[in-house]
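Text of work.cif (mmCIF, C-alpha atoms) as supplied:
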```
data_coords
loop_
_atom_site.label_atom_id
_atom_site.label_comp_id
_atom_site.auth_asym_id
_atom_site.auth_seq_id
_atom_site.Cartn_x
_atom_site.Cartn_y
_atom_site.Cartn_z
CA MET A 1 0.00 0.00 0.00
CA ASN A 2 1.54 3.33 -1.06
CA LYS A 3 1.46 6.51 1.02
CA LYS A 4 -1.49 7.97 -0.91
CA ASN A 5 -3.64 4.88 -0.37
CA LEU A 6 -2.58 4.64 3.28
CA SER A 7 -3.53 8.27 3.86
CA LEU A 8 -6.92 7.71 2.22
CA PHE A 9 -7.48 4.59 4.31
CA ILE A 10 -6.70 6.45 7.54
CA LYS A 11 -9.07 9.29 6.58
CA LYS A 12 -11.89 6.80 5.94
CA ILE A 13 -11.27 5.11 9.30
CA LEU A 14 -11.35 8.49 11.07
CA ILE A 15 -14.58 9.47 9.31
CA PHE A 16 -16.07 6.12 10.30
CA LEU A 17 -14.99 6.62 13.94
CA ILE A 18 -16.26 10.21 14.27
CA PRO A 19 -19.82 9.22 15.39
CA PHE A 20 -18.38 6.83 18.00
CA LEU A 21 -15.91 9.44 19.24
CA ILE A 22 -18.73 11.96 19.56
CA ILE A 23 -20.82 9.47 21.55
CA ILE A 24 -17.87 8.58 23.81
CA ALA A 25 -17.20 12.29 24.38
CA GLY A 26 -20.88 12.75 25.22
CA TYR A 27 -20.67 9.86 27.69
CA LEU A 28 -17.59 11.25 29.44
CA ILE A 29 -18.96 14.80 29.61
CA SER A 30 -22.51 13.95 30.71
CA ASP A 31 -21.50 10.95 32.86
CA PRO A 32 -25.10 9.65 32.96
CA PHE A 33 -24.40 6.90 35.50
CA LYS A 34 -22.28 9.18 37.74
CA VAL A 35 -19.34 6.77 37.84
CA THR A 36 -16.53 8.40 35.82
CA ARG A 37 -15.80 10.97 38.51
CA ILE A 38 -16.63 11.59 42.18
CA TYR A 39 -19.47 13.93 43.12
CA LYS A 40 -20.19 15.71 46.38
CA GLU A 41 -23.90 15.22 45.78
CA TYR A 42 -25.96 12.64 43.89
CA LYS A 43 -29.41 14.08 43.26
CA ASN A 44 -31.93 15.13 40.60
CA ASN A 45 -30.53 12.68 38.08
CA PRO A 46 -32.91 11.53 35.30
CA VAL A 47 -31.03 8.23 34.87
CA LEU A 48 -31.74 5.40 37.31
CA LEU A 49 -28.41 4.94 39.06
CA ASN A 50 -26.60 2.00 40.64
CA GLN A 51 -27.78 2.63 44.20
CA GLY A 52 -25.24 0.31 45.78
CA TYR A 53 -22.37 2.23 44.17
CA ILE A 54 -23.80 5.65 45.02
CA CYS A 55 -24.43 4.73 48.66
CA TRP A 56 -20.91 3.40 49.12
CA GLN A 57 -19.34 6.43 47.40
CA SER A 58 -21.34 8.75 49.67
CA TYR A 59 -19.99 6.76 52.62
CA LEU A 60 -16.42 7.19 51.34
CA ASN A 61 -17.01 10.92 50.79
CA HIS A 62 -17.93 11.55 54.44
CA LYS A 63 -16.53 8.71 56.57
CA ASP A 64 -13.38 10.53 57.67
CA ASN A 65 -15.26 13.60 58.87
CA LEU A 66 -18.44 12.03 60.22
CA LYS A 67 -17.00 8.82 61.74
CA TYR A 68 -19.92 6.54 60.90
CA ASP A 69 -20.40 3.63 63.29
CA SER A 70 -23.88 2.26 62.54
CA TYR A 71 -25.22 0.75 59.32
CA ILE A 72 -28.53 -0.22 57.72
CA LEU A 73 -27.92 -3.02 55.23
CA GLY A 74 -30.22 -4.73 52.75
CA ASN A 75 -32.21 -4.15 49.59
CA SER A 76 -34.55 -1.30 48.63
CA CYS A 77 -36.88 -2.27 51.51
CA THR A 78 -34.48 -0.30 53.71
CA VAL A 79 -36.51 2.73 52.53
CA ALA A 80 -38.81 1.80 55.44
CA PHE A 81 -36.02 2.62 57.90
CA PRO A 82 -34.74 6.18 57.45
CA THR A 83 -31.92 6.79 59.91
CA ASN A 84 -33.89 9.43 61.84
CA ILE A 85 -36.39 6.79 63.08
CA TRP A 86 -33.58 4.35 63.97
CA LYS A 87 -31.37 6.84 65.79
CA PRO A 88 -33.47 7.06 69.00
CA TYR A 89 -32.71 3.36 69.59
CA ILE A 90 -28.93 3.68 69.05
CA LYS A 91 -27.94 6.65 71.20
CA ASP A 92 -24.76 8.60 70.39
CA ALA A 93 -24.42 6.73 67.09
CA VAL A 94 -23.68 8.05 63.58
CA PRO A 95 -25.78 5.95 61.18
CA ILE A 96 -25.78 5.56 57.40
CA ARG A 97 -27.85 3.44 55.03
CA LEU A 98 -25.74 1.23 52.73
CA PHE A 99 -28.29 -0.50 50.55
CA GLY A 100 -28.50 -1.70 46.97
CA ASP A 101 -31.42 -2.39 44.65
CA GLY A 102 -31.99 -6.13 44.54
CA GLU A 103 -29.20 -6.48 47.11
CA SER A 104 -27.68 -9.95 47.35
CA LEU A 105 -26.28 -11.73 50.39
CA TYR A 106 -22.93 -11.60 48.60
CA ALA A 107 -23.07 -7.77 48.39
CA ILE A 108 -24.01 -7.44 52.06
CA TYR A 109 -21.15 -9.74 53.02
CA LYS A 110 -18.62 -7.73 50.97
CA LYS A 111 -19.74 -4.51 52.66
CA VAL A 112 -19.56 -5.94 56.18
CA LYS A 113 -16.15 -7.46 55.44
CA ARG A 114 -14.82 -4.18 54.01
CA LEU A 115 -16.01 -2.24 57.05
CA ASP A 116 -14.25 -4.74 59.30
CA GLN A 117 -11.04 -4.65 57.25
CA SER A 118 -11.07 -0.84 57.36
CA GLY A 119 -10.99 -0.92 61.15
CA VAL A 120 -13.99 1.40 61.48
CA PRO A 121 -16.43 0.88 64.37
CA ILE A 122 -19.37 -1.43 63.65
CA LYS A 123 -21.38 -0.41 66.68
CA ASN A 124 -24.91 -1.06 65.42
CA VAL A 125 -26.32 -2.90 62.41
CA LEU A 126 -29.88 -3.22 61.17
CA LEU A 127 -29.78 -6.05 58.62
CA LEU A 128 -32.78 -6.68 56.37
CA LEU A 129 -33.10 -10.11 54.77
CA ASP A 130 -35.64 -11.94 52.64
CA ASN A 131 -35.74 -14.91 50.30
CA SER A 132 -34.48 -13.01 47.25
CA THR A 133 -31.51 -11.63 49.20
CA LEU A 134 -30.55 -14.93 50.81
CA LYS A 135 -30.53 -16.99 47.64
CA ASN A 136 -28.12 -14.70 45.77
CA VAL A 137 -24.53 -15.49 46.72
CA ASP A 138 -22.73 -14.76 43.45
CA PRO A 139 -21.45 -11.41 42.10
CA ASN A 140 -23.79 -9.56 39.75
CA ASN A 141 -21.75 -7.46 37.34
CA SER A 142 -24.60 -5.75 35.48
CA HIS A 143 -24.25 -1.97 35.54
CA THR A 144 -27.17 -1.58 37.96
CA ARG A 145 -25.83 -4.14 40.44
CA ILE A 146 -22.03 -4.18 40.15
CA LEU A 147 -20.29 -3.34 43.42
CA HIS A 148 -18.09 -0.32 44.03
CA PRO A 149 -14.42 -1.07 43.21
CA ASP A 150 -13.57 -0.32 46.84
CA ILE A 151 -15.55 -3.43 47.82
CA SER A 152 -15.37 -5.66 44.77
CA PRO A 153 -12.41 -7.76 43.57
CA ILE A 154 -13.19 -6.42 40.08
CA GLY A 155 -10.75 -3.75 38.90
CA VAL A 156 -11.63 -0.20 37.92
CA PHE A 157 -11.30 -0.99 34.20
CA GLU A 158 -13.76 -3.90 34.39
CA PHE A 159 -16.10 -1.75 36.48
CA GLN A 160 -16.12 1.12 33.98
CA LYS A 161 -16.47 -1.29 31.05
CA GLU A 162 -19.90 -2.43 32.27
CA PHE A 163 -21.21 1.14 32.20
CA ILE A 164 -19.80 1.87 28.75
CA ILE A 165 -21.46 -1.27 27.40
CA ALA A 166 -24.74 -0.23 29.04
CA PHE A 167 -24.43 3.26 27.55
CA PHE A 168 -24.00 1.95 23.98
CA ASN A 169 -27.01 -0.34 24.34
CA LEU A 170 -29.72 1.22 22.15
CA LYS A 171 -32.35 0.43 24.79
CA PHE A 172 -30.58 3.02 26.93
CA LEU A 173 -28.94 5.30 24.37
CA LEU A 174 -32.08 6.18 22.39
CA PRO A 175 -34.29 7.24 25.33
CA TYR A 176 -31.34 9.01 26.95
CA ALA A 177 -30.59 10.97 23.73
CA ASP A 178 -34.30 11.76 23.38
CA TYR A 179 -34.41 13.11 26.94
CA CYS A 180 -31.20 15.13 26.52
CA LEU A 181 -32.54 16.76 23.35
CA PHE A 182 -36.13 17.49 24.42
CA HIS A 183 -36.04 17.29 28.26
CA THR A 184 -39.32 15.42 28.15
CA TYR A 185 -40.06 12.19 30.00
CA ARG A 186 -42.04 9.68 27.94
CA LYS A 187 -43.71 6.44 29.05
CA TYR A 188 -41.33 4.23 27.06
CA MET A 189 -38.46 5.54 29.21
CA LYS A 190 -39.81 3.82 32.34
CA GLY A 191 -37.20 1.60 34.01
CA ILE A 192 -34.36 3.54 32.34
CA LEU A 193 -35.07 7.14 33.26
CA THR A 194 -37.25 8.71 35.94
CA ASN A 195 -39.40 11.79 36.09
CA LYS A 196 -39.44 11.82 39.89
CA ASP A 197 -37.41 14.27 41.94
CA LEU A 198 -35.71 11.70 44.14
CA TYR A 199 -34.26 13.48 47.16
CA ARG A 200 -31.29 11.71 48.71
CA ASN A 201 -29.76 12.82 51.98
CA GLN A 202 -26.08 13.03 51.04
CA ILE A 203 -24.94 12.25 54.60
CA THR A 204 -27.15 9.28 55.51
CA ASN A 205 -28.34 8.01 52.08
CA ASP A 206 -31.90 8.38 53.36
CA PHE A 207 -34.46 8.52 50.61
CA ARG A 208 -38.10 9.54 50.74
CA ASN A 209 -40.31 7.52 48.44
CA PRO A 210 -42.29 10.01 46.28
CA ARG A 211 -45.36 7.90 46.92
CA GLU A 212 -45.47 9.28 50.47
CA ASP A 213 -46.36 12.66 48.96
CA GLU A 214 -49.05 11.00 46.85
CA ILE A 215 -50.48 9.29 49.95
CA GLU A 216 -50.53 12.59 51.87
CA ILE A 217 -52.53 14.21 49.06
CA LYS A 218 -54.86 11.36 48.08
CA LYS A 219 -55.18 9.58 51.44
CA GLU A 220 -57.57 6.57 51.07
CA GLN A 221 -57.86 7.16 47.33
CA TYR A 222 -54.20 6.17 46.90
CA TRP A 223 -54.92 2.47 47.46
CA LEU A 224 -57.90 2.57 45.13
CA ASP A 225 -55.81 4.19 42.39
CA HIS A 226 -53.05 1.57 42.87
CA LYS A 227 -55.35 -1.42 43.28
CA LYS A 228 -53.62 -3.30 40.44
CA GLU A 229 -50.33 -3.18 42.36
CA PHE A 230 -51.85 -5.26 45.17
CA PRO A 231 -52.75 -8.60 43.57
CA LYS A 232 -55.27 -10.78 45.34
CA ARG A 233 -53.67 -13.35 47.63
CA ASP A 234 -54.56 -17.03 47.80
CA ARG A 235 -56.21 -18.40 50.92
CA VAL A 236 -53.42 -20.91 51.33
CA ILE A 237 -49.99 -19.42 50.64
CA ALA A 238 -47.06 -21.80 50.33
CA PRO A 239 -43.80 -20.63 51.95
CA TYR A 240 -40.70 -19.90 49.90
CA SER A 241 -38.52 -22.83 48.98
CA GLN A 242 -35.30 -23.27 50.95
CA SER A 243 -32.59 -20.74 50.04
CA ILE A 244 -29.85 -21.26 52.66
CA PHE A 245 -27.31 -23.92 51.65
CA ASN A 246 -23.56 -24.31 52.19
CA LYS A 247 -22.52 -21.09 50.41
CA GLN A 248 -25.06 -19.07 52.35
CA LYS A 249 -24.09 -20.75 55.63
CA ASN A 250 -20.42 -19.87 55.13
CA ILE A 251 -21.19 -16.23 54.31
CA LEU A 252 -23.67 -15.82 57.17
CA THR A 253 -21.25 -17.45 59.61
CA GLU A 254 -18.49 -15.02 58.62
CA ILE A 255 -20.86 -12.07 59.03
CA SER A 256 -21.81 -13.39 62.48
CA GLU A 257 -18.13 -13.71 63.45
CA ILE A 258 -17.46 -10.12 62.37
CA PHE A 259 -20.38 -8.95 64.53
CA LYS A 260 -19.01 -10.90 67.51
CA LYS A 261 -15.49 -9.55 66.97
CA ASN A 262 -16.78 -5.96 66.91
CA GLN A 263 -19.32 -6.51 69.70
CA THR A 264 -21.96 -5.23 67.32
CA ASN A 265 -25.46 -4.53 68.58
CA TYR A 266 -27.22 -6.01 65.57
CA HIS A 267 -30.78 -6.95 64.67
CA ILE A 268 -31.92 -9.00 61.67
CA VAL A 269 -35.33 -8.25 60.21
CA ILE A 270 -36.99 -10.71 57.84
CA ASN A 271 -38.95 -8.41 55.54
CA PRO A 272 -42.76 -8.47 55.56
CA GLU A 273 -44.27 -8.83 52.08
CA TRP A 274 -47.71 -8.09 50.70
CA SER A 275 -47.67 -11.58 49.13
CA GLN A 276 -47.59 -13.01 52.69
CA LYS A 277 -45.15 -15.67 51.56
CA GLU A 278 -43.20 -16.85 54.55
CA LEU A 279 -39.48 -17.49 54.81
CA ASN A 280 -38.82 -21.22 54.68
CA ASN A 281 -38.66 -22.81 58.16
CA LYS A 282 -35.33 -24.48 57.33
CA ASP A 283 -33.86 -21.08 56.46
CA LEU A 284 -35.16 -19.58 59.68
CA SER A 285 -33.68 -22.50 61.65
CA GLU A 286 -30.28 -21.98 60.01
CA LEU A 287 -30.35 -18.27 60.83
CA LYS A 288 -31.13 -19.11 64.46
CA LYS A 289 -28.17 -21.50 64.59
CA ILE A 290 -25.75 -18.90 63.21
CA PHE A 291 -26.97 -15.74 64.98
CA GLU A 292 -28.28 -15.04 68.48
CA LEU A 293 -31.95 -16.00 68.78
CA ASN A 294 -33.11 -12.71 70.27
CA ARG A 295 -31.64 -10.79 67.32
CA ILE A 296 -33.72 -12.47 64.59
CA HIS A 297 -37.15 -10.99 63.93
CA ASN A 298 -39.36 -12.71 61.38
CA PHE A 299 -42.10 -10.47 59.95
CA SER A 300 -42.69 -12.58 56.83
CA GLY A 301 -45.87 -14.57 56.24
CA LYS A 302 -49.43 -13.83 57.29
CA ASN A 303 -49.60 -11.47 60.26
CA ILE A 304 -51.23 -8.24 61.45
CA TYR A 305 -48.62 -6.21 59.56
CA THR A 306 -48.99 -7.88 56.18
CA GLU A 307 -52.79 -7.89 56.48
CA ASN A 308 -52.88 -4.08 56.45
CA GLN A 309 -52.60 -2.71 52.91
CA LYS A 310 -51.76 0.75 54.24
CA ASN A 311 -48.38 -0.51 55.41
CA PHE A 312 -47.28 -0.88 51.77
CA TYR A 313 -46.63 1.37 48.76
CA GLU A 314 -47.18 -1.60 46.45
CA MET A 315 -46.55 -5.31 46.73
CA GLY A 316 -42.76 -4.97 46.89
CA HIS A 317 -42.08 -2.22 49.44
CA TYR A 318 -43.37 -1.36 52.89
CA ARG A 319 -43.51 2.09 54.43
CA PRO A 320 -41.67 3.84 57.30
CA LEU A 321 -45.07 3.67 59.02
CA LEU A 322 -44.43 -0.06 59.43
CA GLY A 323 -40.68 0.46 59.88
CA LYS A 324 -41.39 2.44 63.07
CA ILE A 325 -43.59 -0.35 64.45
CA ILE A 326 -40.91 -2.95 63.69
CA LEU A 327 -38.20 -0.92 65.45
CA GLN A 328 -40.40 -0.41 68.50
CA ARG A 329 -41.02 -4.13 68.68
CA ILE A 330 -37.48 -5.42 68.17
CA TYR A 331 -35.78 -2.95 70.52
CA LYS A 332 -38.47 -3.40 73.18
CA GLN A 333 -37.69 -7.12 73.12
#
```
Just give me the structure of the file as structure tokens.
Amino acid sequence: MNKKNLSLFIKKILIFLIPFLIIIAGYLISDPFKVTRIYKEYKNNPVLLNQGYICWQSYLNHKDNLKYDSYILGNSCTVAFPTNIWKPYIKDAVPIRLFGDGESLYAIYKKVKRLDQSGVPIKNVLLLLDNSTLKNVDPNNSHTRILHPDISPIGVFEFQKEFIIAFFNLKFLLPYADYCLFHTYRKYMKGILTNKDLYRNQITNDFRNPREDEIEIKKEQYWLDHKKEFPKRDRVIAPYSQSIFNKQKNILTEISEIFKKNQTNYHIVINPEWSQKELNNKDLSELKKIFELNRIHNFSGKNIYTENQKNFYEMGHYRPLLGKIILQRIYKQ
């Protein structure tokens, strides 16, 4: 290939790459997932973020100044336990919520282990568990679930790669480009973008579900308007199948040992669910073998809390209204 042909070839390649370079530049500048640089605040973002990453980064941002010593761990059901309703039960403590959407037992374990390795106090822990959390003991490297590099064995390059792949996925890129151009939320964007102003407390990671505002305005009408989100339950509801096996036992045992080592005042809450499905008895027995009996509180299944529709936003999440009752009960015991 002579110089003229080589030069022409290079020009064609550059022309071909221009759209990709523009998109990459757009990604780096807009940083839609808020992972390419560190922010003092994470709020008012139209893109649904990796909550586990954001929570841990907020912890890293403030841990040296605030000296956190108490932690709420679990999945998005932790929304029922804002730190201000927990704090009266853990006097002179500095709490933070370290949750993740669809949080796995593996993710909880990695967080507890990292806290222990860091030598920070683990004075109090409120640990929320359910069947979906307990059965997941493997890393999830999707961009919405991947752990912060400070916790995960995955390197920074692998971490960033997942978000770049997600960005170039047309299911994300098209609605995101549409929103950036017209600043209009459309129904097809649901699950990718949000039109809600999600306020996050940058110090505690507390988050107020926007549905609380809707409930305050509509009152009883709220549950009529959201009737479809509360499917009818069967008279006889089979419990969940067993989820704690050897992998789970090993992880739970190590978490228990870390709590003992740090003399942690911990409580484990088994989440109540609108479905009224109960945690498997074998799983509950294993938890009682590994942890202290008086620290395990099972609110799953059919009970006075799951009977009351007003305790729930929809079938998957319960409200701080119920969170307050649960705290009163477990700390009174």
Enter the distance from atom CA of A:Arg211 to atom CA of A:Ile90, in Å, rounded to one decimal.
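Pair atom CA of A:Arg211 / atom CA of A:Ile90 returns 27.9 Å.
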Exactly which residues make up the result of the PyMOL selection byres ((chain A and resi 177-192) around 12) on this file, given as a ChimeraX atom specification?
/A:23,26-27,30,32-33,45-50,143-144,166-176,193-196
The PyMOL selection byres ((chain A and resi 41) around 9) on the file shown: which residues, as a list in words?
Ile38, Tyr39, Lys40, Tyr42, Lys43, Ser58, Arg200, Asn201 and Gln202 of chain A
Using only C-alpha atoms, which residues sit within 7 Å of A:Gln276 once same-chain residues fewer than 6 positions away are excluded, as a ChimeraX atom specification?
/A:300-302,306
Rank A:Leu134, A:Ile18, A:Ile255, A:Ile304 by their smallest atom-to-atom distance to A:Leu115, using all atoms listed in the file, and report the top residue only.
A:Ile255
Using the chain letters and numbers from this file, what does the PyMOL selection byres ((chain A and resi 311) around 12) select? Give the answer as a ChimeraX atom specification.
/A:80,212,215,223,230,272-274,304-310,312-326
